[in-house]
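S.K.: Provided herewith: input_31.cif, mmCIF, C-alpha atoms and all ligand atoms.
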data_query
loop_
_atom_site.label_atom_id
_atom_site.label_comp_id
_atom_site.auth_asym_id
_atom_site.auth_seq_id
_atom_site.Cartn_x
_atom_site.Cartn_y
_atom_site.Cartn_z
CA MET A 1 31.29 54.76 159.54
CA ARG A 2 29.31 51.60 158.83
CA ALA A 3 26.66 50.75 156.27
CA ALA A 4 23.29 49.73 157.66
CA ILE A 5 20.20 48.29 156.04
CA THR A 6 17.49 50.89 156.64
CA GLY A 7 14.65 49.33 154.64
CA VAL A 8 13.70 46.17 152.78
CA SER A 9 11.13 45.29 150.15
CA GLY A 10 10.35 42.54 147.70
CA TYR A 11 8.15 41.43 144.85
CA VAL A 12 6.97 38.05 143.64
CA PRO A 13 4.83 37.62 140.53
CA LYS A 14 1.24 36.50 141.04
CA ASP A 15 1.26 33.26 139.02
CA ILE A 16 1.98 30.13 141.04
CA LEU A 17 3.48 26.87 139.80
CA SER A 18 2.64 24.10 142.26
CA ASN A 19 4.08 20.61 142.68
CA LYS A 20 0.76 19.30 141.34
CA ASP A 21 1.23 21.40 138.19
CA LEU A 22 4.75 19.99 137.77
CA GLU A 23 3.38 16.43 138.08
CA THR A 24 1.54 17.06 134.81
CA MET A 25 4.69 18.35 133.09
CA VAL A 26 7.46 15.89 134.10
CA ASP A 27 7.81 12.53 135.84
CA THR A 28 7.82 13.80 139.43
CA ASN A 29 5.58 13.91 142.46
CA ASP A 30 4.79 16.17 145.39
CA GLU A 31 6.25 13.72 147.92
CA TRP A 32 9.66 13.60 146.16
CA ILE A 33 9.88 17.37 145.76
CA VAL A 34 8.85 18.18 149.34
CA SER A 35 11.04 15.52 150.97
CA ARG A 36 14.16 16.28 148.84
CA THR A 37 13.88 20.08 148.66
CA GLY A 38 11.15 21.45 150.95
CA ILE A 39 9.46 23.23 148.02
CA LYS A 40 5.66 23.24 147.52
CA THR A 41 5.09 26.18 145.19
CA ARG A 42 7.05 28.80 143.29
CA HIS A 43 5.99 32.08 141.68
CA ILE A 44 6.52 32.51 137.95
CA LEU A 45 6.60 35.75 135.95
CA LYS A 46 4.29 35.25 132.98
CA GLY A 47 3.63 37.64 130.11
CA GLU A 48 5.25 38.61 126.85
CA GLY A 49 8.22 40.92 127.08
CA LEU A 50 8.53 40.84 130.86
CA GLY A 51 11.91 40.32 132.48
CA THR A 52 13.82 40.59 135.73
CA SER A 53 13.55 44.40 135.86
CA ASP A 54 9.75 44.10 135.84
CA MET A 55 9.96 42.44 139.26
CA ALA A 56 12.85 44.54 140.57
CA ALA A 57 11.32 47.90 139.65
CA PRO A 58 8.18 47.47 141.82
CA ALA A 59 10.39 46.25 144.68
CA VAL A 60 12.60 49.35 144.38
CA LEU A 61 9.60 51.70 144.08
CA GLU A 62 8.18 50.23 147.28
CA LEU A 63 11.59 50.61 148.97
CA LEU A 64 11.76 54.28 147.97
CA ARG A 65 8.24 54.80 149.34
CA LYS A 66 8.89 52.96 152.62
CA THR A 67 12.15 54.76 153.32
CA GLY A 68 10.88 58.15 152.19
CA THR A 69 13.67 58.38 149.63
CA LYS A 70 13.50 60.55 146.53
CA PRO A 71 14.96 58.90 143.41
CA GLU A 72 17.52 61.73 143.05
CA GLU A 73 18.94 60.94 146.51
CA VAL A 74 20.11 57.47 145.41
CA GLY A 75 23.86 57.40 144.72
CA ALA A 76 24.13 53.84 143.44
CA LEU A 77 21.99 50.83 142.58
CA ILE A 78 23.53 47.38 142.26
CA CYS A 79 21.53 44.49 140.86
CA ALA A 80 22.65 40.93 141.59
CA THR A 81 21.22 38.65 138.92
CA VAL A 82 22.00 35.71 136.65
CA THR A 83 18.98 36.44 134.47
CA PRO A 84 19.51 40.02 133.29
CA ASP A 85 16.89 41.54 130.99
CA HIS A 86 19.63 41.59 128.31
CA LEU A 87 23.35 40.80 128.27
CA PHE A 88 23.72 44.57 128.08
CA PRO A 89 22.82 47.18 129.11
CA ALA A 90 22.84 46.24 132.77
CA THR A 91 19.47 45.43 134.34
CA ALA A 92 20.44 47.90 137.09
CA ASN A 93 20.44 50.67 134.45
CA ILE A 94 16.97 49.61 133.32
CA ILE A 95 15.61 49.42 136.88
CA CYS A 96 16.89 52.97 137.53
CA ASP A 97 15.16 54.20 134.39
CA LYS A 98 11.88 52.50 135.36
CA VAL A 99 11.82 54.02 138.86
CA GLY A 100 13.09 57.49 137.96
CA ILE A 101 16.65 57.23 139.35
CA LYS A 102 18.81 59.36 137.05
CA ASP A 103 22.57 59.80 136.76
CA ALA A 104 23.34 57.28 139.52
CA LEU A 105 26.10 54.69 139.37
CA SER A 106 24.32 51.45 138.52
CA PHE A 107 25.58 48.05 137.47
CA ASP A 108 24.86 44.33 137.62
CA LEU A 109 26.84 41.86 139.65
CA GLY A 110 26.92 38.14 138.93
CA ALA A 111 27.71 35.69 141.69
CA ALA A 112 24.78 33.31 141.13
CA CYS A 113 23.02 32.33 144.35
CA SER A 114 25.55 34.27 146.45
CA GLY A 115 24.94 37.37 144.33
CA PHE A 116 22.95 39.27 146.94
CA LEU A 117 25.69 38.80 149.56
CA PHE A 118 28.43 39.91 147.15
CA ALA A 119 26.34 42.93 146.08
CA LEU A 120 25.50 43.88 149.67
CA VAL A 121 29.17 44.00 150.66
CA THR A 122 30.02 45.89 147.46
CA GLY A 123 27.26 48.42 148.13
CA ALA A 124 28.43 48.81 151.72
CA GLN A 125 31.88 49.92 150.53
CA TYR A 126 30.37 52.99 148.84
CA ILE A 127 28.73 53.94 152.14
CA GLU A 128 31.74 53.15 154.32
CA THR A 129 34.08 55.22 152.15
CA GLY A 130 31.65 58.12 152.27
CA MET A 131 31.16 58.10 148.51
CA PHE A 132 27.36 57.80 148.71
CA LYS A 133 24.72 58.31 151.40
CA LYS A 134 22.09 56.01 149.89
CA VAL A 135 22.76 52.81 147.97
CA ILE A 136 20.14 50.33 146.82
CA VAL A 137 21.06 46.66 146.54
CA VAL A 138 18.72 44.47 144.52
CA GLY A 139 18.65 40.68 144.17
CA ALA A 140 16.36 39.64 141.33
CA ASP A 141 15.99 36.68 139.03
CA LYS A 142 13.53 35.39 136.49
CA MET A 143 14.78 31.81 136.76
CA SER A 144 11.84 30.57 134.68
CA SER A 145 13.56 32.17 131.66
CA ILE A 146 16.46 29.68 131.85
CA VAL A 147 14.71 26.59 133.26
CA ASP A 148 14.09 23.58 131.03
CA TYR A 149 10.56 22.52 131.97
CA THR A 150 11.22 19.04 130.58
CA ASP A 151 14.15 18.44 132.98
CA ARG A 152 12.74 17.18 136.26
CA SER A 153 16.04 17.54 138.08
CA THR A 154 16.04 21.36 137.77
CA CYS A 155 12.52 22.51 136.90
CA VAL A 156 11.11 21.69 140.33
CA ILE A 157 13.66 23.84 142.14
CA PHE A 158 13.55 27.37 140.79
CA GLY A 159 11.14 30.31 141.02
CA ASP A 160 11.06 34.01 140.15
CA GLY A 161 11.27 37.01 142.46
CA ALA A 162 13.03 40.21 143.47
CA GLY A 163 14.10 41.85 146.70
CA ALA A 164 15.78 45.15 147.52
CA VAL A 165 17.41 46.83 150.50
CA MET A 166 18.46 50.41 151.22
CA LEU A 167 21.94 51.01 152.65
CA GLU A 168 22.73 54.18 154.57
CA PRO A 169 25.53 55.28 156.92
CA THR A 170 25.23 54.72 160.64
CA ASN A 171 27.42 55.91 163.47
CA ASP A 172 26.01 53.61 166.16
CA ASP A 173 27.15 50.03 166.72
CA THR A 174 24.64 48.55 164.23
CA GLY A 175 25.01 47.77 160.52
CA ILE A 176 27.05 45.34 158.45
CA LEU A 177 29.70 44.19 160.92
CA ASP A 178 31.61 41.52 159.05
CA SER A 179 31.64 39.36 155.95
CA ILE A 180 33.38 36.32 154.53
CA LEU A 181 32.95 35.96 150.77
CA ARG A 182 34.62 33.25 148.72
CA SER A 183 34.67 31.82 145.20
CA ASP A 184 36.17 28.85 143.38
CA GLY A 185 35.81 28.80 139.60
CA SER A 186 36.76 25.14 139.38
CA GLY A 187 33.16 24.42 140.42
CA ARG A 188 31.84 25.83 137.13
CA ASP A 189 31.35 22.42 135.51
CA PHE A 190 28.68 21.41 138.03
CA LEU A 191 26.31 24.39 137.79
CA HIS A 192 26.18 26.64 134.76
CA GLN A 193 24.40 27.93 131.68
CA LYS A 194 26.59 26.85 128.77
CA GLY A 195 25.13 28.90 125.95
CA GLY A 196 24.64 32.58 125.31
CA GLY A 197 28.04 33.90 126.40
CA SER A 198 31.17 34.53 124.34
CA VAL A 199 32.28 30.88 124.36
CA ASN A 200 29.02 29.53 122.94
CA PRO A 201 27.07 32.42 121.45
CA ALA A 202 23.47 31.60 120.51
CA THR A 203 23.12 29.56 117.33
CA GLU A 204 20.50 27.18 116.01
CA GLN A 205 22.69 24.37 117.33
CA THR A 206 23.07 25.79 120.87
CA VAL A 207 19.29 26.04 121.05
CA LYS A 208 18.85 22.46 119.76
CA ASP A 209 21.41 21.28 122.33
CA LYS A 210 19.50 23.05 125.14
CA MET A 211 22.60 25.02 126.08
CA HIS A 212 20.62 28.08 127.17
CA TYR A 213 19.10 26.29 130.13
CA ILE A 214 20.52 25.75 133.63
CA PHE A 215 22.65 22.67 133.95
CA GLN A 216 23.17 21.36 137.47
CA GLU A 217 24.82 18.19 138.75
CA GLY A 218 22.64 18.28 141.84
CA LYS A 219 24.37 15.72 144.03
CA THR A 220 27.82 17.31 143.63
CA VAL A 221 26.51 20.83 144.18
CA PHE A 222 24.62 19.61 147.23
CA LYS A 223 27.79 18.16 148.78
CA PHE A 224 29.72 21.41 148.33
CA ALA A 225 26.79 23.60 149.40
CA VAL A 226 26.03 21.70 152.56
CA THR A 227 29.67 21.89 153.70
CA LYS A 228 30.66 25.37 152.55
CA MET A 229 27.53 27.19 153.68
CA ALA A 230 27.69 25.59 157.13
CA ASP A 231 31.47 26.18 157.42
CA VAL A 232 31.30 29.84 156.52
CA SER A 233 28.36 30.46 158.87
CA ALA A 234 30.17 28.82 161.78
CA GLU A 235 33.35 30.70 160.83
CA ILE A 236 31.74 34.14 161.04
CA MET A 237 30.32 33.25 164.47
CA ASP A 238 33.78 32.13 165.72
CA LYS A 239 35.46 35.19 164.24
CA ASN A 240 33.04 37.46 166.13
CA ASN A 241 32.91 35.40 169.34
CA LEU A 242 29.21 34.69 168.96
CA THR A 243 27.42 31.72 170.48
CA ALA A 244 24.16 30.37 169.11
CA ASP A 245 22.35 32.34 171.87
CA ASP A 246 23.83 35.57 170.51
CA VAL A 247 22.39 34.95 167.03
CA ALA A 248 18.82 36.21 166.66
CA TRP A 249 18.28 35.03 163.09
CA LEU A 250 19.89 32.94 160.37
CA VAL A 251 18.89 34.11 156.88
CA PRO A 252 20.00 31.30 154.58
CA HIS A 253 19.89 31.15 150.80
CA GLN A 254 16.84 29.03 149.97
CA ALA A 255 18.20 26.27 147.71
CA ASN A 256 17.24 23.18 149.65
CA LEU A 257 15.68 22.74 153.10
CA ARG A 258 18.24 20.04 153.89
CA ILE A 259 21.12 22.49 153.27
CA ILE A 260 19.38 25.11 155.43
CA ASP A 261 18.88 22.57 158.26
CA ALA A 262 22.52 21.45 158.10
CA THR A 263 23.71 25.07 158.32
CA ALA A 264 21.48 25.78 161.31
CA ARG A 265 22.65 22.59 163.06
CA ARG A 266 26.28 23.46 162.50
CA MET A 267 25.70 26.91 164.03
CA GLY A 268 23.74 25.38 166.90
CA VAL A 269 20.82 27.66 166.07
CA ASN A 270 17.35 26.20 166.55
CA ASP A 271 14.69 26.19 163.85
CA SER A 272 12.68 29.03 165.37
CA LYS A 273 15.54 31.41 164.50
CA VAL A 274 15.85 30.32 160.87
CA MET A 275 14.04 32.18 158.10
CA VAL A 276 12.54 29.66 155.67
CA ASN A 277 10.20 30.47 152.80
CA ILE A 278 11.51 27.95 150.25
CA ASP A 279 8.19 26.10 150.58
CA ARG A 280 6.38 29.00 148.86
CA TYR A 281 9.01 30.54 146.56
CA GLY A 282 11.52 27.79 145.72
CA ASN A 283 15.02 28.93 144.82
CA THR A 284 14.81 32.48 143.43
CA THR A 285 18.65 32.67 143.23
CA SER A 286 19.66 36.30 143.98
CA ALA A 287 16.29 37.14 145.55
CA THR A 288 16.05 34.51 148.30
CA ILE A 289 17.74 36.46 151.09
CA PRO A 290 16.09 39.88 150.57
CA LEU A 291 12.70 38.15 150.20
CA CYS A 292 13.27 36.54 153.62
CA LEU A 293 14.26 39.89 155.14
CA MET A 294 11.11 41.44 153.68
CA GLU A 295 8.84 38.77 155.11
CA TRP A 296 10.47 38.80 158.55
CA GLU A 297 11.04 42.57 158.77
CA SER A 298 8.25 43.14 161.28
CA ARG A 299 9.85 40.63 163.67
CA LEU A 300 13.34 42.14 163.56
CA ASN A 301 14.54 44.38 166.38
CA LYS A 302 17.31 46.93 166.56
CA GLY A 303 20.44 45.21 167.86
CA ASP A 304 19.52 41.70 166.62
CA ASN A 305 22.55 39.77 165.37
CA ILE A 306 21.65 38.34 161.98
CA VAL A 307 23.75 35.95 159.92
CA LEU A 308 23.15 35.82 156.16
CA ALA A 309 24.59 32.78 154.35
CA ALA A 310 24.62 31.51 150.78
CA PHE A 311 26.20 29.07 148.36
CA GLY A 312 25.84 29.12 144.60
CA GLY A 313 27.17 28.64 141.10
CA GLY A 314 30.77 29.56 140.44
CA PHE A 315 31.19 28.18 143.03
CA THR A 316 30.54 31.20 145.23
CA TRP A 317 29.68 31.26 148.91
CA GLY A 318 29.75 33.47 151.94
CA SER A 319 28.29 34.79 155.14
CA ILE A 320 27.59 38.28 156.46
CA LEU A 321 27.04 39.39 160.05
CA ILE A 322 24.60 42.26 160.53
CA LYS A 323 23.50 44.02 163.68
CA TRP A 324 19.99 45.09 162.70
CA SER A 325 19.52 48.84 162.72
CA TYR A 326 15.85 49.54 163.30
CA ASP A 327 12.75 48.30 165.05
CA SER A 328 9.86 47.36 162.84
CA LYS A 329 7.51 50.20 162.11
O1 LIG B 401 21.23 27.42 144.72
C1 LIG B 401 22.40 27.13 144.08
C2 LIG B 401 23.07 25.90 144.58
N1 LIG B 401 22.25 24.76 144.33
C3 LIG B 401 22.01 23.89 145.29
O2 LIG B 401 22.41 24.10 146.41
C4 LIG B 401 21.27 22.64 144.93
C5 LIG B 401 21.96 21.44 145.51
N2 LIG B 401 21.37 20.19 145.13
C6 LIG B 401 20.16 19.77 145.57
O3 LIG B 401 19.45 20.52 146.21
C7 LIG B 401 19.75 18.37 145.30
O4 LIG B 401 20.85 17.64 144.79
C8 LIG B 401 18.55 18.23 144.29
C9 LIG B 401 17.28 18.72 144.95
C10 LIG B 401 18.85 19.01 143.04
C11 LIG B 401 18.36 16.76 143.94
O5 LIG B 401 18.14 15.99 145.12
P1 LIG B 401 18.99 14.67 145.41
O6 LIG B 401 18.48 14.13 146.66
O7 LIG B 401 20.45 15.06 145.33
O8 LIG B 401 18.58 13.75 144.21
P2 LIG B 401 19.49 13.07 143.10
O9 LIG B 401 19.90 14.06 142.08
O10 LIG B 401 20.56 12.27 143.77
O11 LIG B 401 18.47 12.06 142.48
C12 LIG B 401 17.94 10.95 143.23
C13 LIG B 401 16.92 10.25 142.38
C14 LIG B 401 17.41 9.92 140.97
O12 LIG B 401 16.83 8.70 140.60
P3 LIG B 401 17.69 7.33 140.66
O13 LIG B 401 18.86 7.57 139.76
O14 LIG B 401 18.07 7.18 142.09
O15 LIG B 401 16.72 6.31 140.17
C15 LIG B 401 16.83 11.02 140.13
O16 LIG B 401 16.63 10.64 138.79
O17 LIG B 401 15.77 11.10 142.22
C16 LIG B 401 15.49 11.24 140.81
N3 LIG B 401 14.94 12.55 140.58
C17 LIG B 401 13.63 12.82 140.70
N4 LIG B 401 12.57 12.05 141.00
C18 LIG B 401 11.36 12.62 141.04
C19 LIG B 401 15.60 13.69 140.26
N5 LIG B 401 14.72 14.70 140.17
C20 LIG B 401 13.50 14.19 140.43
C21 LIG B 401 12.20 14.74 140.50
N6 LIG B 401 11.18 13.93 140.80
N7 LIG B 401 11.95 16.04 140.27
#
Using the file provided, produce a representation of the structure as structure tokens.
M.R.:
Amino acid sequence: MRAAITGVSGYVPKDILSNKDLETMVDTNDEWIVSRTGIKTRHILKGEGLGTSDMAAPAVLELLRKTGTKPEEVGALICATVTPDHLFPATANIICDKVGIKDALSFDLGAACSGFLFALVTGAQYIETGMFKKVIVVGADKMSSIVDYTDRSTCVIFGDGAGAVMLEPTNDDTGILDSILRSDGSGRDFLHQKGGGSVNPATEQTVKDKMHYIFQEGKTVFKFAVTKMADVSAEIMDKNNLTADDVAWLVPHQANLRIIDATARRMGVNDSKVMVNIDRYGNTTSATIPLCLMEWESRLNKGDNIVLAAFGGGFTWGSILIKWSYDSK
């Protein structure tokens, strides 16, 4: 028995932060941002007391509606995020409460920008073992809550958003066919949030030292990302004897258009088969891949071979091969 994605949904907040807006906040310009990253706008969740679950809950509610699922039918909900509502309880628990899912197994999973891939494969295990019939996998991040809007090297990159997919069993030849997931903790120095955990709990000093914001050594992360994401995407094709013609879609994590292009080139896949929405959403961390699936859902056909690929903090990286399970409705 395989796990198949049987529905997708997503949510982005209404407020938009454009490159022009950023020009008034830091020493940057539209030309630099577009040519180095491909980003033009990002959506930002504004409003007192709103967090990641406030984007994930509407995405999950829409998923339940679209797939005709009652909350009580959901066996598990996994939320990939690096910006949980609170350190505990898990944001997944809060999402379940907000959408009426009771007594399900729910937990958060942290693998930074590869979080959705790690969560998808984790969720699939519950289906493949027969433990649950319906599992929801969410990727959601309110990156604006950990971005330093005086640091031009990071504030232009990130945006907020949430995406969700439903996993169910399938007995045909579709579903999640294969995955390669990797991590290397020695990369932690180059992309991290220093403060707020058990090593550097929040103090007046950690706030003064800006330790609760994202730190990224962009050039180093870029070098790893561009190699690892391309390698692992080519590897899953080789492992499954797929040529570029066999691949219907590449769904890459949206961190930088240059990394996406390099991955597509390495796979031999042309641009028309690559899902790209970084121009409108920026890097929404765990939400990039499900937001792409949501936007392209109507163009996906049963039997399409789809490669998901990501690289992120940790370092973490991976690829997943899916044979799509339904025609658009
Ligand atoms: O999603 C998780 C994984 N993350 C990634 O995959 C991100 C990987 N890294 C990147 O995407 C890129 O490294 C960045 C987009 C973050 C930066 O692009 P870059 O081409 O690597 O730029 P850089 O850091 O090498 O900086 C080049 C120059 C520097 O100026 P000097 O030293 O050459 O005078 C920076 O100070 O660009 C400057 N710079 C900026 N200029 C205008 C850095 N940020 C900006 C900015 N506007 N926003």
S.K.: Edge lengths and centre in Å to one decimal, as JSON, of the axis-aligned box that encloses all listed atoms of ligand LIG 401 (chain B) with 4 Å added on every side?
M.R.:
{"center_x": 17.1, "center_y": 16.9, "center_z": 142.7, "size_x": 19.9, "size_y": 29.1, "size_z": 15.9}
S.K.: Find, counting only C-alpha atoms and all ligand atoms, the residue in A:Thr24, A:Ser114, A:Ser298, A:Thr174 that gets nearest to ligand LIG 401 (chain B).
M.R.: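 Under the stated criterion, the closest residue is A:Ser114.
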S.K.: May I have the residues within 7 Å of Ile127 in chain A as a ChimeraX atom specification, using all atoms listed in the file and disregarding those fewer than 6 positions away in the same chain?
M.R.: /A:3,133,168-169
S.K.: Those same residues - C-alpha atoms - I'd like them written as a compact mmCIF listing (two decimals), in the frame of the given file.
M.R.:
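What landed in selection-v2.txt:
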# COMPACT_ATOMS: atom_id res chain seq x y z
CA ALA A 3 26.66 50.75 156.27
CA LYS A 133 24.72 58.31 151.40
CA GLU A 168 22.73 54.18 154.57
CA PRO A 169 25.53 55.28 156.92
S.K.: Extract, using all atoms listed in the file, all DNA, RNA and protein residues at most 8 Å from Ile5 in chain A, discarding same-chain residues fewer than 2 positions from it, and format them as a VMD selection string.
M.R.: chain A and resid 3 7 to 8 165 to 168 175 to 176 324 to 325
S.K.: Closest to Trp317 in chain A among A:Arg280, A:Arg188, A:Arg266, A:Arg182, using all atoms listed in the file?
M.R.: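 Of A:Arg280, A:Arg188, A:Arg266, A:Arg182, the one nearest Trp317 in chain A is A:Arg182, counting all atoms listed in the file.
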S.K.: Output the neighbourhood of ligand LIG 401 (chain B) as number ranges by chain, that is, all protein and nucleic acid residues with some atom at most 7 Å from the ligand, counting all atoms listed in the file.
M.R.: A: 27-29, 32-33, 36-37, 113, 152-154, 156-157, 218-219, 221-222, 225, 255-256, 283, 285, 311-313
S.K.: Those selected residues, please, written with C-alpha atoms and delivered as a short mmCIF file (atom, residue, chain, number, x, y, z; two decimals), in the frame of the given file.
M.R.:
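After the write, out_32.cif holds the following:
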data_model
loop_
_atom_site.label_atom_id
_atom_site.label_comp_id
_atom_site.auth_asym_id
_atom_site.auth_seq_id
_atom_site.Cartn_x
_atom_site.Cartn_y
_atom_site.Cartn_z
CA ASP A 27 7.81 12.53 135.84
CA THR A 28 7.82 13.80 139.43
CA ASN A 29 5.58 13.91 142.46
CA TRP A 32 9.66 13.60 146.16
CA ILE A 33 9.88 17.37 145.76
CA ARG A 36 14.16 16.28 148.84
CA THR A 37 13.88 20.08 148.66
CA CYS A 113 23.02 32.33 144.35
CA ARG A 152 12.74 17.18 136.26
CA SER A 153 16.04 17.54 138.08
CA THR A 154 16.04 21.36 137.77
CA VAL A 156 11.11 21.69 140.33
CA ILE A 157 13.66 23.84 142.14
CA GLY A 218 22.64 18.28 141.84
CA LYS A 219 24.37 15.72 144.03
CA VAL A 221 26.51 20.83 144.18
CA PHE A 222 24.62 19.61 147.23
CA ALA A 225 26.79 23.60 149.40
CA ALA A 255 18.20 26.27 147.71
CA ASN A 256 17.24 23.18 149.65
CA ASN A 283 15.02 28.93 144.82
CA THR A 285 18.65 32.67 143.23
CA PHE A 311 26.20 29.07 148.36
CA GLY A 312 25.84 29.12 144.60
CA GLY A 313 27.17 28.64 141.10
#
S.K.: Which distance in Å separates CA of Lys208 in chain A and CA of Leu87 in chain A, to one decimal?
M.R.: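 Rounded to one decimal, the two atoms are 20.7 Å apart.
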S.K.: Using only C-alpha atoms, pick whichever of A:Ala234, A:Thr288, A:Asn241, A:Glu128 has the shortest atom-to-atom distance to Thr263 in chain A.
M.R.: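 For Thr263 in chain A, the nearest of the candidates is A:Ala234.
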S.K.: If we count all atoms listed in the file and set the cut-off at 7 Å, which residues sit around range 51-61 of chain A, ignoring sequence neighbours fewer than 3 positions away in its own chain? Please answer as an mmCIF file with C-alpha atoms, keeping the file's coordinate frame.
M.R.:
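Produced file selection_25.cif, reproduced below:
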data_model
loop_
_atom_site.group_PDB
_atom_site.id
_atom_site.type_symbol
_atom_site.label_atom_id
_atom_site.label_comp_id
_atom_site.auth_asym_id
_atom_site.auth_seq_id
_atom_site.Cartn_x
_atom_site.Cartn_y
_atom_site.Cartn_z
ATOM 1 C CA SER A 9 11.130 45.290 150.150
ATOM 2 C CA GLY A 10 10.350 42.540 147.700
ATOM 3 C CA TYR A 11 8.150 41.430 144.850
ATOM 4 C CA VAL A 12 6.970 38.050 143.640
ATOM 5 C CA LEU A 64 11.760 54.280 147.970
ATOM 6 C CA ARG A 65 8.240 54.800 149.340
ATOM 7 C CA THR A 83 18.980 36.440 134.470
ATOM 8 C CA PRO A 84 19.510 40.020 133.290
ATOM 9 C CA ASP A 85 16.890 41.540 130.990
ATOM 10 C CA THR A 91 19.470 45.430 134.340
ATOM 11 C CA ILE A 94 16.970 49.610 133.320
ATOM 12 C CA ILE A 95 15.610 49.420 136.880
ATOM 13 C CA LYS A 98 11.880 52.500 135.360
ATOM 14 C CA VAL A 99 11.820 54.020 138.860
ATOM 15 C CA ALA A 140 16.360 39.640 141.330
ATOM 16 C CA ASP A 141 15.990 36.680 139.030
ATOM 17 C CA LYS A 142 13.530 35.390 136.490
ATOM 18 C CA GLY A 161 11.270 37.010 142.460
ATOM 19 C CA ALA A 162 13.030 40.210 143.470
ATOM 20 C CA GLY A 163 14.100 41.850 146.700
ATOM 21 C CA ALA A 164 15.780 45.150 147.520
#
S.K.: Using only C-alpha atoms for the distances, tell me which of A:Gln193, A:Phe116, A:Ser186, A:Asn305 is nearest to Ser286 in chain A.
M.R.: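 Residue with the minimum atom-to-atom distance to Ser286 in chain A: A:Phe116.
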S.K.: Please, what distance in Å, to one decimal, runs between CA of Met143 in chain A and CA of Pro13 in chain A?
M.R.: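 Computing it gives 12.1 Å between the two atoms.
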S.K.: Given the point (25.8, 55.2, 137.3) in the coordinates of this file, which residues lie within 10 Å, counting only C-alpha atoms, and how would they look as a ChimeraX atom specification?
M.R.: /A:75-78,92-93,96,101-107
S.K.: Find the distance between CA of Ala230 in chain A and CA of Ala309 in chain A and write it in Å to one decimal.
M.R.: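 We find that CA of Ala230 in chain A and CA of Ala309 in chain A lie 8.3 Å from each other.
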